[in-house]
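J.: Here you go, this is protein_13.cif (mmCIF, C-alpha atoms).
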data_model
#
loop_
_atom_site.label_atom_id
_atom_site.label_comp_id
_atom_site.auth_asym_id
_atom_site.auth_seq_id
_atom_site.Cartn_x
_atom_site.Cartn_y
_atom_site.Cartn_z
CA MET A 29 0.00 0.00 0.00
CA ILE A 30 1.23 3.48 -0.91
CA ASP A 31 0.01 7.08 -0.53
CA LEU A 32 1.12 9.69 -3.06
CA HIS A 33 -0.93 12.68 -1.89
CA THR A 34 -0.33 13.98 1.64
CA HIS A 35 0.22 17.30 3.39
CA THR A 36 2.26 18.37 6.42
CA ASP A 37 2.02 21.46 8.60
CA GLU A 38 4.45 23.14 6.23
CA SER A 39 1.33 23.84 4.15
CA ASP A 40 -2.23 23.07 5.27
CA GLY A 41 -1.86 19.77 7.13
CA THR A 42 -1.53 19.35 10.89
CA TYR A 43 1.20 16.67 11.12
CA ARG A 44 4.80 17.74 11.36
CA PRO A 45 7.00 16.03 8.74
CA ALA A 46 8.50 13.72 11.39
CA GLU A 47 5.02 12.77 12.62
CA LEU A 48 3.89 11.99 9.10
CA VAL A 49 6.88 9.69 8.56
CA ASP A 50 6.17 7.93 11.86
CA GLU A 51 2.50 7.51 10.92
CA ALA A 52 3.41 6.13 7.49
CA VAL A 53 5.71 3.53 9.06
CA ALA A 54 3.11 2.62 11.69
CA THR A 55 0.44 2.28 8.99
CA GLY A 56 2.66 -0.05 6.99
CA LEU A 57 3.03 2.12 3.91
CA GLU A 58 5.64 0.98 1.41
CA ALA A 59 5.97 4.46 -0.08
CA LEU A 60 4.85 7.99 0.76
CA ALA A 61 4.81 11.23 -1.22
CA ILE A 62 4.65 14.56 0.55
CA SER A 63 2.82 16.96 -1.76
CA ASP A 64 2.50 20.20 0.17
CA HIS A 65 1.09 23.30 -1.51
CA ASP A 66 3.80 25.37 -3.23
CA THR A 67 6.58 24.27 -0.87
CA LEU A 68 9.14 21.47 -0.53
CA ALA A 69 9.95 22.27 3.10
CA GLY A 70 7.99 19.29 4.43
CA TYR A 71 9.75 16.89 2.10
CA ASP A 72 13.16 18.38 2.88
CA ALA A 73 12.59 17.90 6.62
CA ALA A 74 11.19 14.38 6.23
CA GLU A 75 13.71 12.97 3.76
CA PRO A 76 16.55 12.02 6.18
CA LEU A 77 14.01 10.65 8.66
CA ALA A 78 12.31 8.51 6.03
CA ARG A 79 15.67 7.24 4.79
CA ALA A 80 16.63 6.20 8.31
CA ALA A 81 13.27 4.45 8.74
CA GLY A 82 13.54 2.59 5.43
CA LEU A 83 10.49 4.38 3.99
CA ASP A 84 10.43 5.12 0.26
CA LEU A 85 9.74 8.89 0.30
CA ILE A 86 8.85 10.66 -2.94
CA CYS A 87 9.31 14.39 -3.41
CA GLY A 88 6.01 15.90 -4.45
CA ILE A 89 4.20 19.21 -4.64
CA GLU A 90 0.68 20.48 -5.26
CA LEU A 91 0.28 23.59 -7.40
CA SER A 92 -2.74 25.78 -8.04
CA THR A 93 -2.98 26.60 -11.75
CA LYS A 94 -5.44 28.28 -14.08
CA PHE A 95 -7.26 26.54 -16.93
CA HIS A 96 -9.78 28.63 -18.86
CA GLY A 97 -10.08 30.94 -15.87
CA ARG A 98 -10.77 28.29 -13.25
CA THR A 99 -8.44 26.87 -10.59
CA VAL A 100 -7.05 23.41 -11.34
CA HIS A 101 -4.73 21.62 -8.93
CA LEU A 102 -1.69 19.91 -10.35
CA LEU A 103 0.51 17.40 -8.53
CA GLY A 104 4.20 17.24 -9.38
CA TYR A 105 6.34 14.19 -8.57
CA PHE A 106 10.13 14.19 -8.63
CA LEU A 107 10.73 10.47 -8.75
CA ASN A 108 14.51 10.55 -9.13
CA GLY A 109 15.40 12.95 -6.34
CA GLY A 110 14.54 16.58 -5.76
CA PRO A 111 13.70 19.18 -8.42
CA SER A 112 16.12 21.55 -10.07
CA ALA A 113 17.35 24.76 -8.45
CA GLU A 114 15.42 26.70 -11.10
CA PHE A 115 12.17 25.03 -10.04
CA ARG A 116 12.85 25.84 -6.39
CA GLY A 117 13.46 29.47 -7.39
CA TRP A 118 10.09 29.57 -9.14
CA LEU A 119 8.44 28.24 -5.97
CA LYS A 120 9.93 31.22 -4.11
CA GLU A 121 7.99 33.51 -6.46
CA LEU A 122 4.78 31.61 -5.63
CA HIS A 123 5.56 31.94 -1.92
CA ASP A 124 5.92 35.72 -2.28
CA SER A 125 2.61 35.85 -4.17
CA ARG A 126 0.88 33.89 -1.41
CA ARG A 127 2.14 36.32 1.24
CA ASP A 128 0.85 39.26 -0.79
CA ARG A 129 -2.55 37.53 -1.09
CA ASN A 130 -2.64 36.98 2.67
CA ILE A 131 -2.03 40.68 3.35
CA ARG A 132 -4.89 41.63 1.03
CA LEU A 133 -7.14 38.95 2.55
CA ILE A 134 -6.52 40.32 6.05
CA ALA A 135 -7.42 43.81 4.81
CA ARG A 136 -10.72 42.56 3.36
CA LEU A 137 -11.61 40.68 6.54
CA GLN A 138 -10.86 43.71 8.69
CA ALA A 139 -12.95 45.90 6.39
CA GLN A 140 -15.87 43.58 7.18
CA GLY A 141 -15.35 43.99 10.91
CA VAL A 142 -13.51 40.70 11.39
CA ASP A 143 -10.80 41.26 14.01
CA VAL A 144 -7.98 39.12 12.61
CA THR A 145 -4.31 39.99 12.09
CA LEU A 146 -1.66 38.45 9.88
CA GLU A 147 0.45 37.72 12.96
CA GLU A 148 -2.37 35.61 14.46
CA VAL A 149 -2.80 33.62 11.27
CA SER A 150 0.93 33.07 10.75
CA THR A 151 2.06 32.32 14.32
CA GLY A 152 3.37 28.78 14.72
CA ARG A 153 2.60 27.83 11.11
CA GLY A 154 4.90 26.16 8.63
CA SER A 155 6.59 27.73 5.66
CA GLN A 156 3.25 28.45 3.95
CA THR A 157 0.26 30.22 5.45
CA GLY A 158 -2.91 29.38 3.54
CA ARG A 159 -6.64 29.77 3.84
CA PRO A 160 -7.06 26.76 6.20
CA HIS A 161 -4.89 28.66 8.68
CA PHE A 162 -7.21 31.65 8.35
CA ALA A 163 -10.16 29.31 8.90
CA ARG A 164 -8.68 28.00 12.16
CA VAL A 165 -8.28 31.52 13.54
CA LEU A 166 -11.81 32.44 12.45
CA ILE A 167 -13.11 29.40 14.34
CA ASP A 168 -11.00 30.16 17.43
CA LYS A 169 -12.33 33.74 17.51
CA GLY A 170 -15.95 32.75 17.02
CA TYR A 171 -16.46 34.05 13.48
CA ALA A 172 -17.02 30.56 12.04
CA SER A 173 -18.29 27.27 13.42
CA SER A 174 -16.17 24.99 11.19
CA ILE A 175 -13.59 25.07 8.41
CA GLU A 176 -16.40 24.51 5.90
CA HIS A 177 -18.34 27.45 7.35
CA ALA A 178 -15.26 29.70 7.26
CA PHE A 179 -14.74 28.96 3.57
CA GLN A 180 -18.40 29.36 2.70
CA GLN A 181 -18.73 32.63 4.57
CA TYR A 182 -15.36 34.32 4.08
CA LEU A 183 -12.62 32.40 2.26
CA GLY A 184 -14.07 30.32 -0.57
CA GLU A 185 -13.61 31.18 -4.22
CA GLU A 186 -17.32 30.82 -5.01
CA SER A 187 -19.06 32.42 -2.02
CA GLY A 188 -16.46 33.87 0.35
CA SER A 189 -17.02 37.56 1.05
CA ALA A 190 -13.29 38.19 1.62
CA TYR A 191 -11.86 35.92 -1.10
CA VAL A 192 -8.76 37.30 -2.81
CA GLN A 193 -7.20 35.85 -5.94
CA ARG A 194 -3.48 35.13 -5.88
CA MET A 195 -1.00 34.52 -8.69
CA GLU A 196 -1.64 31.15 -10.28
CA PRO A 197 0.30 30.04 -13.37
CA GLU A 198 -1.55 28.81 -16.41
CA LEU A 199 -1.81 25.03 -16.51
CA GLY A 200 0.33 24.72 -19.63
CA GLU A 201 3.09 26.84 -18.08
CA ALA A 202 3.05 24.78 -14.88
CA LEU A 203 3.23 21.53 -16.84
CA LYS A 204 6.33 22.78 -18.65
CA LEU A 205 7.97 24.01 -15.43
CA VAL A 206 7.40 20.69 -13.63
CA ALA A 207 8.85 18.77 -16.58
CA ALA A 208 11.83 21.13 -16.89
CA GLY A 209 12.45 20.74 -13.16
CA GLY A 210 12.76 16.97 -13.56
CA GLY A 211 9.22 16.06 -12.49
CA LEU A 212 6.11 14.29 -13.70
CA ALA A 213 2.80 16.14 -13.34
CA SER A 214 -0.60 14.65 -12.55
CA LEU A 215 -4.08 16.19 -12.56
CA ALA A 216 -5.23 16.19 -8.93
CA HIS A 217 -8.71 14.99 -7.84
CA PRO A 218 -10.40 15.41 -11.26
CA ILE A 219 -13.81 14.93 -9.65
CA ARG A 220 -13.61 18.54 -8.47
CA LEU A 221 -13.59 19.88 -12.02
CA VAL A 222 -17.26 19.02 -12.61
CA ARG A 223 -20.36 18.52 -10.51
CA ARG A 224 -20.62 14.98 -9.17
CA GLY A 225 -22.53 12.91 -11.68
CA ALA A 226 -22.05 15.49 -14.46
CA SER A 227 -19.08 13.89 -16.18
CA ASP A 228 -19.85 14.84 -19.79
CA GLY A 229 -17.74 17.99 -19.66
CA LEU A 230 -14.64 16.31 -18.25
CA ASP A 231 -13.59 14.32 -21.31
CA PRO A 232 -12.84 17.36 -23.51
CA MET A 233 -10.97 18.97 -20.60
CA ILE A 234 -8.73 15.93 -20.23
CA ALA A 235 -8.17 15.82 -23.99
CA GLU A 236 -7.10 19.48 -24.03
CA MET A 237 -4.88 19.05 -20.99
CA ARG A 238 -3.23 16.09 -22.71
CA GLU A 239 -2.49 18.31 -25.69
CA LEU A 240 -0.88 20.80 -23.31
CA GLY A 241 1.43 18.06 -22.04
CA LEU A 242 -0.40 16.47 -19.09
CA PRO A 243 1.31 13.09 -18.48
CA ALA A 244 -0.79 11.62 -15.62
CA ILE A 245 -4.14 11.67 -13.80
CA GLU A 246 -4.97 11.00 -10.15
CA ALA A 247 -7.46 8.15 -10.53
CA PHE A 248 -7.37 7.05 -6.86
CA HIS A 249 -8.41 9.67 -4.30
CA SER A 250 -10.50 9.86 -1.15
CA ASP A 251 -13.19 11.81 -3.04
CA HIS A 252 -13.50 9.18 -5.77
CA GLY A 253 -16.03 6.37 -5.60
CA PRO A 254 -15.73 3.18 -7.67
CA ALA A 255 -17.54 4.73 -10.64
CA GLU A 256 -15.17 7.71 -10.75
CA VAL A 257 -12.09 5.50 -10.39
CA ALA A 258 -13.26 3.41 -13.35
CA GLN A 259 -13.96 6.56 -15.36
CA TYR A 260 -10.52 8.07 -14.70
CA LEU A 261 -8.74 4.81 -15.41
CA GLY A 262 -10.61 4.85 -18.70
CA TYR A 263 -9.30 8.34 -19.46
CA ALA A 264 -5.79 7.17 -18.62
CA GLU A 265 -6.07 4.35 -21.14
CA ARG A 266 -7.73 6.51 -23.80
CA TYR A 267 -5.22 9.35 -23.63
CA GLY A 268 -2.07 7.44 -22.70
CA LEU A 269 -1.83 8.92 -19.21
CA ALA A 270 0.01 7.47 -16.24
CA VAL A 271 -2.04 6.90 -13.08
CA THR A 272 -1.41 8.35 -9.61
CA GLY A 273 -3.31 8.08 -6.35
CA GLY A 274 -3.36 9.24 -2.76
CA SER A 275 -5.54 10.01 0.20
CA ASP A 276 -5.06 13.81 0.30
CA PHE A 277 -4.26 13.40 3.99
CA HIS A 278 -4.33 16.62 6.06
CA GLY A 279 -4.44 15.25 9.61
CA ALA A 280 -6.96 17.00 11.86
CA ASN A 281 -7.97 19.41 9.09
CA LYS A 282 -9.67 16.48 7.32
CA PRO A 283 -10.27 14.08 10.22
CA ARG A 284 -12.20 11.41 8.28
CA ILE A 285 -9.35 10.89 5.82
CA ARG A 286 -6.76 8.37 7.01
CA LEU A 287 -3.24 8.01 5.72
CA GLY A 288 -3.08 5.27 3.12
CA THR A 289 -6.71 4.17 3.41
CA GLY A 290 -8.49 7.41 2.59
CA LEU A 291 -12.11 8.22 3.42
CA ASP A 292 -13.66 5.47 5.54
CA GLY A 293 -11.23 2.94 4.08
CA ASN A 294 -11.99 3.52 0.39
CA LEU A 295 -8.35 3.34 -0.74
CA ASP A 296 -5.79 0.56 -1.09
CA ILE A 297 -3.31 1.76 -3.71
CA PRO A 298 -0.85 -0.95 -4.77
CA ARG A 299 2.90 -0.45 -5.10
CA ALA A 300 2.55 -1.18 -8.82
CA VAL A 301 1.13 2.34 -9.33
CA LEU A 302 4.43 3.87 -8.20
CA ASP A 303 6.51 1.33 -10.11
CA LYS A 304 4.71 2.22 -13.35
CA LEU A 305 5.22 5.92 -12.67
CA ARG A 306 8.93 5.39 -12.27
CA ASP A 307 9.02 3.36 -15.47
CA LYS A 308 7.32 6.24 -17.31
#
Please, can you express the file's structure as structure tokens?

T.:
Amino acid sequence: MIDLHTHTDESDGTYRPAELVDEAVATGLEALAISDHDTLAGYDAAEPLARAAGLDLICGIELSTKFHGRTVHLLGYFLNGGPSAEFRGWLKELHDSRRDRNIRLIARLQAQGVDVTLEEVSTGRGSQTGRPHFARVLIDKGYASSIEHAFQQYLGEESGSAYVQRMEPELGEALKLVAAGGGLASLAHPIRLVRRGASDGLDPMIAEMRELGLPAIEAFHSDHGPAEVAQYLGYAERYGLAVTGGSDFHGANKPRIRLGTGLDGNLDIPRAVLDKLRDK
């Protein structure tokens, strides 16, 4: 069993890198990928610990990109070691953009009478401060009852009253940068691109993404039921895509999702998935 989609507290998870390695070993995972948002800090901290524990740790990342004006998440896997120095430099630009977004988000919240400061949101966080960190502070201060409520009311792209756009590269650009950095990119949780049950519009999207250079699709994910898994495996075969899979583990921020086994035990990703990725 493997898990190729996890997050540490260096982005929006709650497990420290060392804790995630310990949990992976205790769970019996053969391989783990840390795919934090826009940062490799979690992987960098975990790598020597995983090596000492005999755990096959893959360097990963999750990027927010734009495709026809909408946000699409892209996973990048560096299967033969870490990415290039140029790729790490580009991530620094994304980090700076995220900080600028956070400053503007604080200003919008304060304009709505929400008493939150950037220092409160950033204190004790990892290398990236994201909207889930804002949500936690909003809950602690009584402005929201849950993470879902915080996003719906203030932070979400669709309905959040304080939502602020940040710099997101176009999907085609991100695909090229991942490949140039020595990585293999995969479309993350494709179910989120269309309404559940409304799959007709996804096929042309996948076809266009393939033309842009998309090499893989995340068929196995905690959000995917058997019908979706079969559908995405079908896309992989039709368009010559590699297959990836992972739980999207965030620790306490997504408490029903378990490392390796996903949502209520709906995942059991075999080692062969990673072996085929490395072959590709």

J.: Running the PyMOL selection byres ((chain A and resi 126) around 9) on this model by hand, what would come out? Give it as a ChimeraX atom specification.

T.: /A:121-125,127-131,156-158,194-195

J.: Step by step, work through what the PyMOL selection byres ((chain A and resi 61) around 8) selects in the shown file, and finish by giving those residues as a VMD selection string.

T.: chain A and resid 31 to 34 59 to 60 62 to 63 85 to 88

J.: Might you spell out which residues the PyMOL selection byres ((chain A and resi 295) around 10) would select in the displayed file, as a PyMOL selection string?

T.: chain A and resi 29-31+248-250+252-253+273-275+286-294+296-298

J.: Between A:Ala280, A:Leu133, A:Tyr260, A:Ala208, which residue has the minimum interatomic distance to A:Gln193, considering all atoms listed in the file?

T.: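 Nearest to A:Gln193: A:Leu133.
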
J.: Between A:Glu198, A:Glu90, A:Asp276, A:Glu47, single out the one closest to A:Thr67, counting only C-alpha atoms.

T.: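 Result for the nearest residue to A:Thr67: A:Glu90.
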
J.: With distances taken over all atoms listed in the file, which residue among A:Phe106, A:Tyr182, A:Phe162, A:Tyr171 lies nearest A:Gly210?

T.: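 Among A:Phe106, A:Tyr182, A:Phe162, A:Tyr171, it is A:Phe106 that comes nearest to A:Gly210.
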